[in-house]
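Structure first, then comments.
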Amino acid sequence: MTPAEILALSHKLEAGRRPLADMPLLHGPGVYAFYLVEAGQLAPIEVDPARPLYIGMTDQCLSIRNHFGHAHSGFSTFRRSLGAILKSALGLRAISRSPGSKSTLFRFTDEGEQRLTEWMRDSLQGAQHPIPADALASEKKLIAALHPALNLTDWPNPQRPLIKRFRHACAVEVQQGEGR
């Protein structure tokens, strides 16, 4: 994708923002973005609500709803980062994703997953756009151009160390809970 195509795609995503519950199910590859509804909702992480909070891609079923069904933090980097940042505010407790998995592959208790899902529905908007070929390359170029606060790769995110500390605290909680 050319810089002009990346800019056009970012405008399409921005124009397509809507509440998460209203996101249609699209089939096939594409990119998606999450946006905060209001500034300050993820303090101390600095986020401009006019910019994407997170950008992702799929080469299968383009549904950002996969990120906000509860019990999905174990399989969603985005949910794990959100939950780690909001852990104290939402009273979340990190547990192992599954028996024997690494502590970095955590999720939250069922009640915590429900609170996180409710926070996401109230606090986020989403957008998605089909990309028929090479969604991964499009995702990487969008991330490099738009600098989403919760993407930890594909751009030199200055908040990465802070986000990693929040996530590490959850991993430590899992280790302590398992007596490691």
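Following the order of the structure tokens, first chain is A, next is B, and so on, with residues numbered from 1 inside each chain and ligands from 1 in the order they appear.
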
Sel. of strand (DSSP E or B) residues, chain A, as a ChimeraX atom specification: /A:18-19,26-27,30-36,54-58,61-62,94-96,106-108,124-130

For stretch 167-179 of chain A, please output as a compact mmCIF listing (two decimals) with N, CA and C atoms, in the first residue's frame all residues within 9 Å (counting only C-alpha atoms; exclusion window: fewer than 6 positions along the same chain).
# COMPACT_ATOMS: atom_id res chain seq x y z
N ARG A 80 -5.84 -8.48 26.95
CA ARG A 80 -4.89 -8.64 28.06
C ARG A 80 -4.27 -7.29 28.42
N SER A 81 -3.91 -6.50 27.42
CA SER A 81 -3.34 -5.18 27.71
C SER A 81 -4.37 -4.28 28.39
N GLY A 83 -7.04 -5.14 30.13
CA GLY A 83 -7.30 -5.65 31.47
C GLY A 83 -6.16 -5.37 32.43
N ALA A 84 -4.93 -5.50 31.95
CA ALA A 84 -3.78 -5.23 32.81
C ALA A 84 -3.76 -3.76 33.24
N ILE A 85 -4.06 -2.87 32.31
CA ILE A 85 -4.09 -1.43 32.62
C ILE A 85 -5.23 -1.11 33.57
N LYS A 87 -6.74 -3.18 35.66
CA LYS A 87 -6.83 -4.21 36.70
C LYS A 87 -7.34 -3.64 38.03
N ARG A 93 -8.66 -9.95 38.60
CA ARG A 93 -7.65 -10.88 39.12
C ARG A 93 -7.19 -11.76 37.97
N ALA A 94 -5.89 -11.77 37.73
CA ALA A 94 -5.32 -12.57 36.64
C ALA A 94 -5.19 -14.03 37.06
N ILE A 95 -5.55 -14.92 36.14
CA ILE A 95 -5.40 -16.36 36.34
C ILE A 95 -4.80 -16.95 35.07
N SER A 96 -4.33 -18.18 35.18
CA SER A 96 -3.74 -18.85 34.03
C SER A 96 -4.79 -19.06 32.95
N LYS A 102 2.03 -20.81 30.01
CA LYS A 102 2.95 -19.82 30.56
C LYS A 102 2.16 -18.74 31.29
N SER A 103 2.77 -18.16 32.32
CA SER A 103 2.07 -17.13 33.09
C SER A 103 1.78 -15.88 32.27
N THR A 104 2.54 -15.66 31.18
CA THR A 104 2.26 -14.50 30.33
C THR A 104 0.98 -14.70 29.52
N LEU A 105 0.49 -15.93 29.47
CA LEU A 105 -0.77 -16.22 28.77
C LEU A 105 -1.90 -16.26 29.79
N PHE A 106 -2.14 -15.12 30.38
CA PHE A 106 -3.16 -15.03 31.42
C PHE A 106 -4.50 -14.60 30.85
N ARG A 107 -5.50 -14.78 31.66
CA ARG A 107 -6.82 -14.22 31.44
C ARG A 107 -7.29 -13.75 32.80

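For the choices A:Thr2, A:Gln60, A:Gln125, A:Ser98, the atom-to-atom distance to A:Ala21 is smallest for A:Gln125 when using only C-alpha atoms.
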
Which residue of A:His11, A:Leu124, A:Ala43, A:Leu53 approaches A:Leu86 most closely, using only C-alpha atoms: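 Result for the nearest residue to A:Leu86: A:Ala43.
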
Spatial neighbours of A:Ala8, max dist 12 Å, only C-alpha atoms, sep filter under 4 positions, as an MDAnalysis selection string: chainID A and resid 1:4 12:15 129 138 142 145

Best match for closeness to A:Asn157 among A:Leu36, A:Pro29, A:Ile45, A:Leu82, counting only C-alpha atoms: A:Ile45

DSSP-assigned helix (DSSP H, G or I) members of stretch 98-132 of chain A, reported as an MDAnalysis selection string: chainID A and resid 110:123

Output C-alpha atoms of each residue in that selection to a file, as a PDB file, in the first residue's frame.
ATOM      1  CA  ASP A 110     -15.029 -15.032  34.748  1.00  0.00           C
ATOM      2  CA  GLU A 111     -16.417 -12.125  36.786  1.00  0.00           C
ATOM      3  CA  GLY A 112     -13.445  -9.979  35.794  1.00  0.00           C
ATOM      4  CA  GLU A 113     -13.841 -10.880  32.124  1.00  0.00           C
ATOM      5  CA  GLN A 114     -17.469  -9.776  32.364  1.00  0.00           C
ATOM      6  CA  ARG A 115     -16.477  -6.425  33.930  1.00  0.00           C
ATOM      7  CA  LEU A 116     -13.831  -5.924  31.235  1.00  0.00           C
ATOM      8  CA  THR A 117     -16.365  -6.709  28.498  1.00  0.00           C
ATOM      9  CA  GLU A 118     -18.820  -4.197  29.981  1.00  0.00           C
ATOM     10  CA  TRP A 119     -16.079  -1.552  30.181  1.00  0.00           C
ATOM     11  CA  MET A 120     -15.198  -2.185  26.536  1.00  0.00           C
ATOM     12  CA  ARG A 121     -18.821  -1.872  25.411  1.00  0.00           C
ATOM     13  CA  ASP A 122     -19.192   1.399  27.323  1.00  0.00           C
ATOM     14  CA  SER A 123     -15.793   2.916  26.556  1.00  0.00           C
TER      15      SER A 123
END

Residue nearest A:Tyr54 among A:Ile131, A:Leu92, A:Ala33, A:Leu25 (counting only C-alpha atoms):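 Nearest to A:Tyr54: A:Ala33.
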
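In this structure, atom CA of A:Arg17 sits 7.9 Å away from atom CA of A:Tyr35.
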